[in-house]
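Trainee: One file is attached below, coords-v6.txt, containing compact mmCIF, C-alpha atoms and all ligand atoms.
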# COMPACT_ATOMS: atom_id res chain seq x y z
CA MET A 24 15.85 -49.36 -50.61
CA SER A 25 17.48 -51.92 -48.33
CA ALA A 26 16.98 -55.38 -49.80
CA ILE A 27 15.19 -57.87 -47.59
CA SER A 28 16.46 -61.44 -47.87
CA PRO A 29 14.56 -62.89 -50.82
CA THR A 30 11.88 -65.41 -49.92
CA LEU A 31 11.37 -68.44 -52.12
CA VAL A 32 7.81 -69.11 -53.21
CA ARG A 33 6.71 -72.10 -55.28
CA HIS A 34 3.65 -71.90 -57.51
CA ARG A 35 1.56 -74.59 -59.12
CA ALA A 36 -1.96 -74.15 -60.42
CA SER A 37 -3.16 -76.55 -57.69
CA ASP A 38 -1.50 -74.32 -55.06
CA ALA A 39 -3.21 -71.34 -56.61
CA ALA A 40 -6.61 -73.03 -56.45
CA ALA A 41 -6.03 -74.16 -52.86
CA ILE A 42 -4.97 -70.69 -51.74
CA ALA A 43 -7.88 -69.16 -53.60
CA ALA A 44 -10.26 -71.35 -51.62
CA THR A 45 -9.16 -69.57 -48.47
CA ALA A 46 -9.26 -66.08 -49.95
CA VAL A 47 -10.55 -63.62 -47.35
CA ASN A 48 -12.11 -60.34 -48.49
CA THR A 49 -10.02 -57.40 -47.33
CA ALA A 50 -11.82 -54.46 -48.93
CA ASN A 51 -15.28 -53.64 -50.33
CA THR A 52 -16.55 -56.93 -48.98
CA ALA A 53 -19.72 -58.12 -50.65
CA SER A 54 -22.44 -58.51 -48.01
CA ALA A 55 -23.91 -62.01 -47.79
CA SER A 56 -27.42 -60.72 -48.59
CA ASP A 57 -26.16 -59.37 -51.91
CA THR A 58 -25.13 -62.80 -53.08
CA LEU A 59 -27.76 -64.90 -54.78
CA HIS A 60 -28.51 -68.04 -52.78
CA ALA A 61 -27.79 -71.46 -54.26
CA SER A 62 -29.81 -72.19 -57.35
CA ASN A 63 -29.80 -75.26 -59.55
CA ALA A 64 -29.15 -73.66 -62.92
CA THR A 65 -26.28 -71.36 -63.85
CA PRO A 66 -23.01 -71.30 -61.85
CA LEU A 67 -22.99 -68.88 -58.92
CA THR A 68 -19.21 -68.56 -58.63
CA VAL A 69 -16.60 -68.94 -61.33
CA SER A 70 -12.93 -68.99 -60.35
CA VAL A 71 -10.10 -68.38 -62.84
CA ASP A 72 -6.38 -68.95 -62.18
CA CYS A 73 -4.57 -66.74 -64.68
CA PRO A 74 -0.78 -66.81 -65.19
CA ALA A 75 1.64 -63.91 -65.46
CA LYS A 76 3.26 -63.01 -68.79
CA THR A 77 6.77 -62.27 -69.92
CA ASN A 78 8.25 -61.37 -73.30
CA LEU A 79 10.88 -63.69 -74.80
CA VAL A 80 11.45 -61.05 -77.50
CA LEU A 81 10.21 -57.46 -77.35
CA HIS A 82 11.10 -55.33 -80.38
CA VAL A 83 9.83 -51.75 -80.05
CA GLY A 84 9.11 -49.51 -83.05
CA PRO A 85 7.74 -45.99 -83.53
CA THR A 86 4.72 -44.56 -81.72
CA HIS A 87 1.33 -44.25 -83.43
CA GLU A 88 -1.13 -41.48 -82.62
CA GLU A 89 -4.07 -43.68 -83.63
CA TRP A 90 -2.98 -46.07 -80.85
CA GLY A 91 -3.01 -43.37 -78.21
CA GLY A 92 0.72 -42.83 -78.63
CA ARG A 93 1.57 -46.48 -78.02
CA HIS A 94 4.64 -47.96 -79.75
CA GLU A 95 4.52 -50.52 -82.55
CA LEU A 96 5.67 -53.90 -81.18
CA ASP A 97 6.83 -57.26 -82.45
CA THR A 98 6.95 -59.53 -79.42
CA ILE A 99 6.86 -63.18 -78.35
CA TYR A 100 4.65 -63.47 -75.28
CA CYS A 101 5.10 -66.40 -72.89
CA ALA A 102 2.78 -67.05 -69.96
CA VAL A 103 4.61 -67.95 -66.73
CA GLY A 104 3.05 -70.15 -64.02
CA VAL A 105 2.66 -67.52 -61.28
CA TYR A 106 -1.11 -67.25 -60.94
CA ASP A 107 -3.55 -64.64 -59.76
CA THR A 108 -6.99 -66.03 -58.95
CA VAL A 109 -10.13 -64.06 -59.80
CA THR A 110 -13.53 -65.25 -58.58
CA ALA A 111 -16.80 -63.83 -59.92
CA THR A 112 -20.00 -64.39 -57.92
CA ALA A 113 -23.48 -63.40 -59.11
CA LYS A 114 -25.19 -60.73 -56.94
CA GLN A 115 -28.81 -59.71 -56.63
CA PRO A 116 -29.98 -57.60 -59.63
CA GLY A 117 -29.27 -53.92 -58.96
CA ALA A 118 -26.80 -54.66 -56.14
CA GLY A 119 -23.92 -53.30 -58.21
CA PHE A 120 -20.36 -54.65 -58.25
CA SER A 121 -17.88 -55.19 -55.44
CA LEU A 122 -14.16 -55.92 -55.49
CA ALA A 123 -12.02 -57.48 -52.77
CA ILE A 124 -8.27 -57.92 -53.10
CA GLU A 125 -6.20 -60.33 -51.05
CA GLY A 126 -2.51 -61.18 -51.10
CA ALA A 127 0.79 -60.69 -49.33
CA TYR A 128 2.38 -58.47 -51.96
CA LEU A 129 -0.12 -55.87 -53.16
CA GLY A 130 2.28 -53.06 -54.06
CA ASP A 131 0.43 -49.81 -54.70
CA LEU A 132 -2.90 -51.70 -54.75
CA ALA A 133 -2.75 -51.76 -50.95
CA SER A 134 -2.83 -47.98 -50.62
CA SER A 135 -6.10 -46.54 -49.36
CA SER A 136 -6.15 -44.25 -52.39
CA ALA A 137 -6.32 -47.23 -54.80
CA ASP A 138 -9.59 -46.65 -56.69
CA MET A 139 -11.32 -50.01 -57.00
CA ARG A 140 -13.34 -48.73 -59.96
CA ARG A 141 -10.09 -48.21 -61.87
CA ASN A 142 -8.77 -51.68 -61.07
CA HIS A 143 -8.13 -53.58 -64.32
CA ALA A 144 -10.43 -56.40 -63.20
CA ALA A 145 -13.31 -53.94 -62.56
CA LEU A 146 -12.72 -52.30 -65.96
CA ALA A 147 -12.95 -55.74 -67.58
CA LEU A 148 -16.24 -56.43 -65.76
CA PHE A 149 -17.69 -53.10 -66.92
CA ALA A 150 -16.57 -53.81 -70.51
CA MET A 151 -18.29 -57.24 -70.45
CA ALA A 152 -21.46 -55.72 -68.97
CA GLU A 153 -21.56 -53.09 -71.73
CA ALA A 154 -20.95 -55.68 -74.47
CA ALA A 155 -23.63 -57.99 -73.03
CA GLY A 156 -26.13 -55.19 -72.31
CA ARG A 157 -26.26 -56.19 -68.63
CA GLU A 158 -25.62 -54.57 -65.25
CA PRO A 159 -22.30 -55.50 -63.56
CA ASP A 160 -24.00 -57.08 -60.53
CA VAL A 161 -21.01 -59.26 -59.71
CA ALA A 162 -18.80 -59.66 -56.62
CA LEU A 163 -15.17 -59.95 -57.72
CA THR A 164 -12.33 -61.15 -55.53
CA ILE A 165 -8.71 -61.14 -56.58
CA THR A 166 -6.07 -63.24 -54.87
CA LYS A 167 -2.84 -61.64 -56.01
CA ARG A 168 0.40 -63.61 -56.32
CA ILE A 169 1.81 -61.90 -59.42
CA PRO A 170 4.13 -59.09 -58.26
CA VAL A 171 2.54 -55.67 -58.94
CA GLY A 172 4.08 -53.20 -61.36
CA ALA A 173 6.74 -55.82 -62.13
CA GLY A 174 6.55 -56.20 -65.91
CA LEU A 175 4.66 -59.49 -65.44
CA GLY A 176 1.28 -58.27 -66.68
CA GLY A 177 -0.45 -58.75 -63.33
CA GLY A 178 -3.24 -56.28 -64.00
CA SER A 179 -3.69 -57.67 -67.51
CA ALA A 180 -3.93 -61.21 -66.10
CA ASP A 181 -6.64 -60.12 -63.66
CA ALA A 182 -8.56 -58.38 -66.43
CA ALA A 183 -8.32 -61.44 -68.69
CA ALA A 184 -9.38 -63.69 -65.81
CA THR A 185 -12.43 -61.47 -65.24
CA LEU A 186 -13.41 -61.67 -68.92
CA LEU A 187 -13.14 -65.48 -68.79
CA ALA A 188 -15.03 -65.73 -65.49
CA VAL A 189 -17.93 -63.46 -66.51
CA ASN A 190 -18.15 -65.13 -69.92
CA ARG A 191 -18.91 -68.36 -67.99
CA LEU A 192 -20.90 -66.84 -65.11
CA TRP A 193 -23.39 -65.24 -67.49
CA ASP A 194 -23.45 -68.27 -69.82
CA LEU A 195 -22.36 -66.02 -72.73
CA ASN A 196 -19.83 -68.58 -73.97
CA TRP A 197 -18.36 -66.04 -76.38
CA PRO A 198 -15.34 -67.31 -78.41
CA VAL A 199 -11.77 -66.28 -77.60
CA ALA A 200 -11.68 -63.89 -80.60
CA ARG A 201 -14.57 -61.87 -79.15
CA LEU A 202 -13.02 -61.78 -75.67
CA ARG A 203 -9.69 -60.69 -77.18
CA ALA A 204 -11.44 -57.87 -79.09
CA ILE A 205 -12.89 -56.57 -75.81
CA ALA A 206 -9.51 -57.06 -74.08
CA ALA A 207 -7.77 -54.98 -76.77
CA THR A 208 -9.88 -51.95 -75.76
CA LEU A 209 -8.55 -52.28 -72.21
CA GLY A 210 -4.77 -52.78 -72.60
CA ALA A 211 -2.01 -54.02 -74.87
CA ASP A 212 -1.16 -57.22 -72.95
CA MET A 213 -4.70 -58.28 -72.16
CA PRO A 214 -5.62 -60.09 -75.42
CA PHE A 215 -2.66 -62.46 -74.94
CA CYS A 216 -3.53 -63.08 -71.28
CA VAL A 217 -6.96 -64.42 -72.31
CA THR A 218 -5.29 -67.59 -73.64
CA GLY A 219 -1.73 -67.64 -72.26
CA GLY A 220 0.69 -70.21 -73.71
CA ILE A 221 3.14 -68.70 -76.21
CA ALA A 222 2.11 -66.26 -78.93
CA ARG A 223 3.44 -63.55 -81.23
CA GLY A 224 2.06 -60.07 -80.62
CA THR A 225 2.11 -57.25 -83.19
CA GLY A 226 0.36 -53.91 -83.55
CA PHE A 227 0.67 -52.38 -80.08
CA GLY A 228 0.75 -55.96 -78.75
CA GLU A 229 -2.93 -56.73 -79.16
CA ARG A 230 -2.76 -58.65 -82.49
CA ILE A 231 -2.13 -62.25 -81.37
CA THR A 232 -0.89 -65.23 -83.38
CA ASP A 233 -0.75 -68.33 -81.18
CA ILE A 234 2.46 -70.41 -81.28
CA THR A 235 1.52 -74.02 -80.48
CA PRO A 236 4.12 -76.20 -78.68
CA ASP A 237 4.26 -78.66 -81.61
CA SER A 238 4.70 -75.98 -84.28
CA GLU A 239 8.13 -75.39 -85.84
CA GLN A 240 8.53 -72.14 -83.88
CA GLY A 241 7.20 -73.73 -80.67
CA LEU A 242 9.67 -76.61 -80.93
CA ARG A 243 12.52 -74.24 -81.72
CA LEU A 244 11.77 -72.05 -78.68
CA ALA A 245 11.72 -75.14 -76.44
CA GLN A 246 15.04 -76.36 -77.91
CA GLU A 247 16.53 -72.90 -77.22
CA GLY A 248 15.59 -73.32 -73.53
CA PHE A 249 12.45 -71.15 -73.44
CA ALA A 250 10.35 -73.78 -71.69
CA GLY A 251 10.36 -75.59 -68.35
CA GLN A 252 11.76 -74.15 -65.10
CA VAL A 253 11.69 -70.39 -64.61
CA LEU A 254 12.94 -68.25 -61.73
CA VAL A 255 11.33 -64.84 -61.28
CA GLY A 256 13.38 -62.28 -59.37
CA ALA A 257 10.87 -59.74 -58.02
CA TYR A 258 11.31 -56.41 -56.22
CA GLN A 259 9.46 -54.32 -53.65
CA SER A 260 9.80 -51.34 -55.98
CA GLN A 261 7.68 -50.98 -59.12
CA LEU A 262 8.38 -49.39 -62.51
CA SER A 263 5.79 -47.34 -64.41
CA THR A 264 5.31 -48.83 -67.89
CA PRO A 265 4.78 -45.40 -69.51
CA GLU A 266 7.96 -44.11 -67.84
CA VAL A 267 9.98 -47.07 -69.13
CA TYR A 268 8.69 -46.49 -72.67
CA HIS A 269 9.47 -42.75 -72.42
CA THR A 270 12.99 -43.62 -71.22
CA PHE A 271 13.30 -46.01 -74.17
CA ASP A 272 12.50 -43.10 -76.49
CA VAL A 273 15.61 -41.39 -75.06
CA VAL A 274 18.14 -44.20 -74.44
CA GLY A 275 17.02 -46.71 -77.11
CA ALA A 276 17.62 -50.48 -76.98
CA GLY A 277 20.76 -52.32 -75.89
CA ALA A 278 22.65 -53.66 -78.93
CA GLN A 279 22.32 -57.32 -77.85
CA ASP A 280 19.01 -57.05 -75.97
CA ALA A 281 16.08 -59.21 -77.15
CA ASN A 282 13.95 -56.95 -74.91
CA HIS A 283 14.29 -53.42 -76.28
CA LEU A 284 12.97 -52.01 -72.97
CA GLN A 285 15.70 -53.74 -70.92
CA ALA A 286 18.26 -50.93 -71.13
CA SER A 287 15.73 -48.33 -70.01
CA ALA A 288 14.38 -50.56 -67.20
CA VAL A 289 17.94 -51.21 -65.95
CA SER A 290 18.78 -47.49 -66.13
CA LEU A 291 15.78 -46.87 -63.84
CA HIS A 292 16.38 -49.96 -61.65
CA PRO A 293 20.08 -51.07 -61.78
CA ARG A 294 19.60 -54.09 -59.48
CA SER A 295 17.76 -55.78 -62.36
CA GLY A 296 20.91 -55.61 -64.49
CA GLN A 297 23.00 -57.07 -61.67
CA ALA A 298 20.50 -59.93 -61.24
CA ILE A 299 20.68 -60.71 -64.97
CA GLU A 300 24.49 -60.88 -64.89
CA ALA A 301 24.49 -63.10 -61.77
CA ALA A 302 21.88 -65.49 -63.22
CA THR A 303 23.80 -65.81 -66.49
CA ALA A 304 27.07 -66.44 -64.63
CA ALA A 305 25.29 -69.10 -62.53
CA GLY A 306 24.28 -71.03 -65.64
CA ALA A 307 20.83 -69.73 -66.62
CA ARG A 308 20.14 -70.34 -70.31
CA HIS A 309 18.35 -66.99 -70.58
CA ALA A 310 18.00 -64.10 -68.13
CA PHE A 311 16.33 -60.80 -68.96
CA VAL A 312 14.09 -58.02 -67.67
CA SER A 313 10.42 -59.05 -67.97
CA GLY A 314 8.59 -56.56 -70.23
CA SER A 315 8.83 -53.09 -68.72
CA GLY A 316 10.41 -54.52 -65.54
CA PRO A 317 11.81 -54.36 -62.92
CA SER A 318 11.40 -58.13 -62.37
CA VAL A 319 13.94 -60.49 -63.95
CA VAL A 320 13.07 -63.82 -65.56
CA ALA A 321 15.66 -66.63 -65.74
CA PHE A 322 15.09 -69.86 -67.67
CA VAL A 323 17.12 -72.67 -66.05
CA PRO A 324 17.68 -76.20 -67.45
CA ASP A 325 17.53 -78.14 -64.16
CA ASP A 326 17.38 -77.97 -60.34
CA THR A 327 21.14 -77.71 -60.01
CA VAL A 328 21.34 -74.52 -62.05
CA ALA A 329 18.17 -73.25 -60.37
CA ASP A 330 19.84 -73.63 -56.96
CA GLN A 331 22.98 -71.88 -58.26
CA VAL A 332 20.97 -68.90 -59.48
CA ILE A 333 18.99 -68.72 -56.23
CA THR A 334 22.22 -68.81 -54.22
CA ALA A 335 23.78 -66.06 -56.35
CA TRP A 336 20.68 -63.85 -56.06
CA ARG A 337 20.44 -64.44 -52.30
CA ASP A 338 24.14 -64.10 -51.43
CA GLU A 339 24.32 -60.68 -53.05
CA ALA A 340 20.71 -59.67 -52.23
CA LEU A 341 20.13 -58.88 -55.90
CA VAL A 342 16.36 -59.48 -55.71
CA ASP A 343 13.74 -59.10 -52.94
CA ARG A 344 11.65 -62.19 -53.69
CA ILE A 345 12.25 -65.33 -55.75
CA ILE A 346 9.39 -67.25 -57.36
CA ARG A 347 9.88 -70.67 -58.98
CA ALA A 348 7.46 -71.47 -61.78
CA ILE A 349 6.95 -73.40 -65.02
CA ALA A 350 6.54 -71.89 -68.48
CA PRO A 351 4.55 -71.80 -70.63
CA ALA A 352 1.29 -71.77 -68.66
CA LYS A 353 -2.40 -71.28 -69.40
CA PRO A 354 -5.48 -69.99 -67.51
CA SER A 355 -7.77 -72.52 -65.83
CA ILE A 356 -11.48 -72.06 -65.06
CA GLY A 357 -13.39 -73.63 -62.16
CA VAL A 358 -17.15 -73.46 -61.55
CA SER A 359 -19.06 -73.92 -58.28
CA HIS A 360 -22.84 -73.86 -57.90
C1 LIG B 401 5.57 -53.60 -71.77
C2 LIG B 401 4.53 -54.60 -72.15
O1 LIG B 401 4.05 -55.25 -71.00
C3 LIG B 401 5.12 -55.66 -73.08
O2 LIG B 401 4.22 -56.72 -73.27
C4 LIG B 401 3.36 -53.92 -72.84
O3 LIG B 401 3.77 -53.23 -74.00
C5 LIG B 401 2.62 -52.94 -71.92
O4 LIG B 401 1.31 -53.41 -71.89
P1 LIG B 401 0.22 -52.71 -70.94
O5 LIG B 401 0.80 -52.47 -69.58
O6 LIG B 401 -1.02 -53.50 -71.09
O7 LIG B 401 0.12 -51.30 -71.65
P2 LIG B 401 -1.16 -50.38 -71.74
O8 LIG B 401 -1.88 -50.42 -70.43
O9 LIG B 401 -1.87 -50.70 -73.00
O10 LIG B 401 -0.44 -48.96 -71.92
C6 LIG B 401 0.21 -48.38 -70.80
C7 LIG B 401 1.21 -47.37 -71.35
O11 LIG B 401 2.37 -48.08 -71.82
C8 LIG B 401 2.88 -47.45 -73.02
N1 LIG B 401 2.80 -48.41 -74.13
C9 LIG B 401 2.11 -49.59 -73.99
C10 LIG B 401 2.08 -50.49 -75.05
C11 LIG B 401 2.74 -50.15 -76.25
N2 LIG B 401 2.72 -50.99 -77.31
N3 LIG B 401 3.42 -48.97 -76.36
C12 LIG B 401 3.46 -48.10 -75.33
O12 LIG B 401 4.08 -47.02 -75.44
C13 LIG B 401 2.01 -46.20 -73.24
O13 LIG B 401 2.60 -45.13 -72.53
C14 LIG B 401 0.71 -46.61 -72.56
O14 LIG B 401 -0.05 -45.48 -72.15
N1 LIG B 402 -5.65 -56.04 -60.79
C1 LIG B 402 -4.49 -55.33 -60.83
N2 LIG B 402 -3.32 -55.95 -60.57
C2 LIG B 402 -2.14 -55.24 -60.61
N3 LIG B 402 -2.05 -53.91 -60.91
C3 LIG B 402 -3.21 -53.28 -61.17
C4 LIG B 402 -4.47 -53.95 -61.15
N4 LIG B 402 -5.42 -53.06 -61.48
C5 LIG B 402 -4.80 -51.88 -61.66
N5 LIG B 402 -3.48 -51.99 -61.47
C6 LIG B 402 -2.49 -50.90 -61.57
O1 LIG B 402 -1.71 -51.14 -62.76
C7 LIG B 402 -0.35 -50.78 -62.54
C8 LIG B 402 0.49 -51.75 -63.29
O2 LIG B 402 0.30 -52.99 -62.65
P1 LIG B 402 0.77 -54.34 -63.36
O3 LIG B 402 1.05 -55.34 -62.28
O4 LIG B 402 -0.18 -54.71 -64.45
O5 LIG B 402 2.15 -53.85 -63.99
P2 LIG B 402 3.05 -54.62 -65.02
O6 LIG B 402 3.16 -56.03 -64.64
O7 LIG B 402 4.30 -53.84 -65.13
O8 LIG B 402 2.22 -54.53 -66.36
P3 LIG B 402 2.81 -54.72 -67.84
O9 LIG B 402 3.87 -55.76 -67.78
O10 LIG B 402 1.61 -55.13 -68.57
O11 LIG B 402 3.36 -53.38 -68.21
C9 LIG B 402 -0.12 -50.83 -61.02
O12 LIG B 402 0.58 -49.67 -60.61
C10 LIG B 402 -1.51 -50.90 -60.41
O13 LIG B 402 -1.78 -49.77 -59.59
Kindly transcribe the structure held in the file into structure tokens.
Mentor:
Amino acid sequence: MSAISPTLVRHRASDAAAIAATAVNTANTASASDTLHASNATPLTVSVDCPAKTNLVLHVGPTHEEWGGRHELDTIYCAVGVYDTVTATAKQPGAGFSLAIEGAYLGDLASSSADMRRNHAALALFAMAEAAGREPDVALTITKRIPVGAGLGGGSADAAATLLAVNRLWDLNWPVARLRAIAATLGADMPFCVTGGIARGTGFGERITDITPDSEQGLRLAQEGFAGQVLVGAYQSQLSTPEVYHTFDVVGAGAQDANHLQASAVSLHPRSGQAIEAATAAGARHAFVSGSGPSVVAFVPDDTVADQVITAWRDEALVDRIIRAIAPAKPSIGVSH
């Protein structure tokens, strides 16, 4: 795959909201007549900006049949300020659901064979409808900015955003614990994505213990450089999470790797390993494969080091796209009537 010159994209929640306001439906567009006209009571459209996730530590243990063959994990999740935006708009009763996806980097979501009913956001809507005993008469739009199949939990973020949006759209106001319980039936990363921030994940990743910034562990992580400016090195190619885990079962973890999946991700996508070495040499405090990869996350202490890492990645074309963001980050919910 010839590397294109990486483009630099900056993300702030306000940017995400602004871009979301101009989202244009590109598939399965909801017809205007399906959408309920303005009413004075409940919100008609709820918009959620939901950040990506990375893993500051990802220790992988044995598989468990009762978890569908998933591995036992002990991980530190950290939400990263690259945001997808999901909007949920009430439709006429019986109109059914619709899903539109917009964005410049849609990966395999752009293919005509992508089944909208299997999209993680649609699955989250169906799970909420079942739990609430309602029909999923909601028009969903997703504005994607989180690279797809990158190890950044993009699908999980969209699913979590949908849970949060529908919880508000239908005035359910269910607590986080209930939303996380529904999220855990959909995917390992999703319960964390409901709240973002920093948290420990155990089980297959779904058992969440929040780590607040002012806690001893939160302060220690910040002192170690796991907070502030982050550079994400993203790629046109994707990695399959199941394939990375299967490769881990063969090659194991790198002796010094905090992310036990790093060695298998790099064996499947060597450019990620080169990007980690270049970022470290350029002064990054931490550089590692994000989750199951291939994207690379680099925590940098200041603009000078950030520019050095960007130059190193660009000069040697070690990544295809560079995203600057802040970590940790949290979802934000907006309501319009
Ligand atoms: C790699 C991580 O992103 C790290 O946070 C997650 O472990 C993966 O989370 P995810 O993509 O939400 O994973 P799921 O959608 O639940 O599972 C996808 C596939 O990944 C593998 N998988 C996932 C989680 C886990 N603890 N062990 C696994 O072996 C399994 O093959 C599973 O069928
Ligand atoms: N809303 C969505 N956004 C992104 N991918 C989705 C979505 N819905 C379904 N998918 C599918 O899920 C697959 C994994 O996408 P995703 O971006 O979540 O990967 P990932 O970031 O590697 O996930 P994780 O880090 O949780 O393993 C993609 O191949 C895509 O086809």
Trainee: Can you work out which one of A:Asn282, A:Thr208, A:Gln252, A:Thr218 has the shortest atom-to-atom distance to His82 (chain A), counting all atoms listed in the file?
Mentor: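 Of A:Asn282, A:Thr208, A:Gln252, A:Thr218, the one nearest His82 (chain A), counting all atoms listed in the file, is A:Asn282.
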Trainee: Can you tell me which residues sit at most 7 Å away from ligand LIG 402 (chain B), counting only C-alpha atoms and all ligand atoms, written as a list in words?
Mentor: Asp131, Leu132, Arg141, Asn142, His143, Ala144, Pro170, Val171, Gly172, Ala173, Gly174, Leu175, Gly176, Gly177, Gly178, Ser179, Asp181, Ala182, Asp212, Leu262, Ser263, Thr264, Gly314, Ser315 and Gly316 of chain A
Trainee: Against ligand LIG 401 (chain B), which residues of chain A fall within 9 Å? For each one I want the closest pair of atoms and the distance in Å (one decimal), counting all atoms listed in the file, rows by chain and increasing residue number, as CSV.
Mentor:
residue,atom,partner,partner_atom,distance
A:Lys76,CA,B:LIG401,O2,7.8
A:Thr77,CA,B:LIG401,O2,7.0
A:Asn78,CA,B:LIG401,O2,6.2
A:Leu81,CA,B:LIG401,C3,6.9
A:Val83,CA,B:LIG401,N2,7.7
A:Gly84,CA,B:LIG401,N2,8.7
A:Pro85,CA,B:LIG401,N3,8.9
A:Thr86,CA,B:LIG401,O12,6.8
A:His87,CA,B:LIG401,N3,8.8
A:Trp90,CA,B:LIG401,N2,8.3
A:Gly91,CA,B:LIG401,O14,7.1
A:Gly92,CA,B:LIG401,O12,6.2
A:Arg93,CA,B:LIG401,N3,3.5
A:His94,CA,B:LIG401,N3,3.7
A:Glu95,CA,B:LIG401,N2,5.6
A:Leu96,CA,B:LIG401,N2,5.7
A:Thr98,CA,B:LIG401,O2,7.3
A:Ile99,CA,B:LIG401,O2,8.6
A:Tyr100,CA,B:LIG401,O2,7.1
A:Gly172,CA,B:LIG401,O5,8.9
A:Gly174,CA,B:LIG401,O1,5.7
A:Leu175,CA,B:LIG401,O1,7.0
A:Gly176,CA,B:LIG401,O1,6.0
A:Gly177,CA,B:LIG401,O5,8.9
A:Gly178,CA,B:LIG401,O5,7.9
A:Ser179,CA,B:LIG401,O6,6.1
A:Ala207,CA,B:LIG401,O9,8.2
A:Thr208,CA,B:LIG401,O9,8.6
A:Leu209,CA,B:LIG401,O9,6.9
A:Gly210,CA,B:LIG401,O9,3.6
A:Ala211,CA,B:LIG401,O9,3.8
A:Asp212,CA,B:LIG401,O6,4.2
A:Met213,CA,B:LIG401,O6,6.1
A:Gly224,CA,B:LIG401,O2,8.4
A:Thr225,CA,B:LIG401,N2,8.6
A:Gly226,CA,B:LIG401,N2,7.3
A:Phe227,CA,B:LIG401,N2,3.7
A:Gly228,CA,B:LIG401,N2,5.5
A:Glu229,CA,B:LIG401,N2,8.3
A:Ser263,CA,B:LIG401,O11,8.2
A:Thr264,CA,B:LIG401,O11,5.0
A:Pro265,CA,B:LIG401,O13,3.7
A:Glu266,CA,B:LIG401,O13,7.2
A:Val267,CA,B:LIG401,C8,8.1
A:Tyr268,CA,B:LIG401,O12,5.4
A:His269,CA,B:LIG401,O13,7.3
A:Leu284,CA,B:LIG401,C1,7.7
A:Ser313,CA,B:LIG401,O1,8.0
A:Gly314,CA,B:LIG401,C1,4.5
A:Ser315,CA,B:LIG401,C1,4.5
A:Gly316,CA,B:LIG401,C1,7.9
Trainee: Report the distance between CA of His360 (chain A) and CA of Ala183 (chain A) in Å, rounded to one decimal place.
Mentor: 21.9 Å
Trainee: Which one is closest to Leu148 (chain A): A:Asp194, A:Glu339, A:Glu89, A:Asp160? Count all atoms listed in the file.
Mentor: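 Nearest candidate to Leu148 (chain A) out of A:Asp194, A:Glu339, A:Glu89, A:Asp160: A:Asp160.
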Trainee: To one decimal in Å, tell me the separation between CA of Leu187 (chain A) and CA of Ser355 (chain A).
Mentor: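 For CA of Leu187 (chain A) relative to CA of Ser355 (chain A), the distance reads 9.3 Å.
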Trainee: For CA of Ser121 (chain A) and CA of Trp197 (chain A), determine how far apart the two atoms are, in Å to one decimal place.
Mentor: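 CA of Trp197 (chain A) lies 23.6 Å from CA of Ser121 (chain A).
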Trainee: For Asp72 (chain A), please output as a list in words all residues within 7 Å (counting all atoms listed in the file; exclusion window: fewer than 3 positions along the same chain).
Mentor: Ala39, Tyr106, Asp107, Thr108, Val109, Pro354, Ser355 and Ile356 of chain A
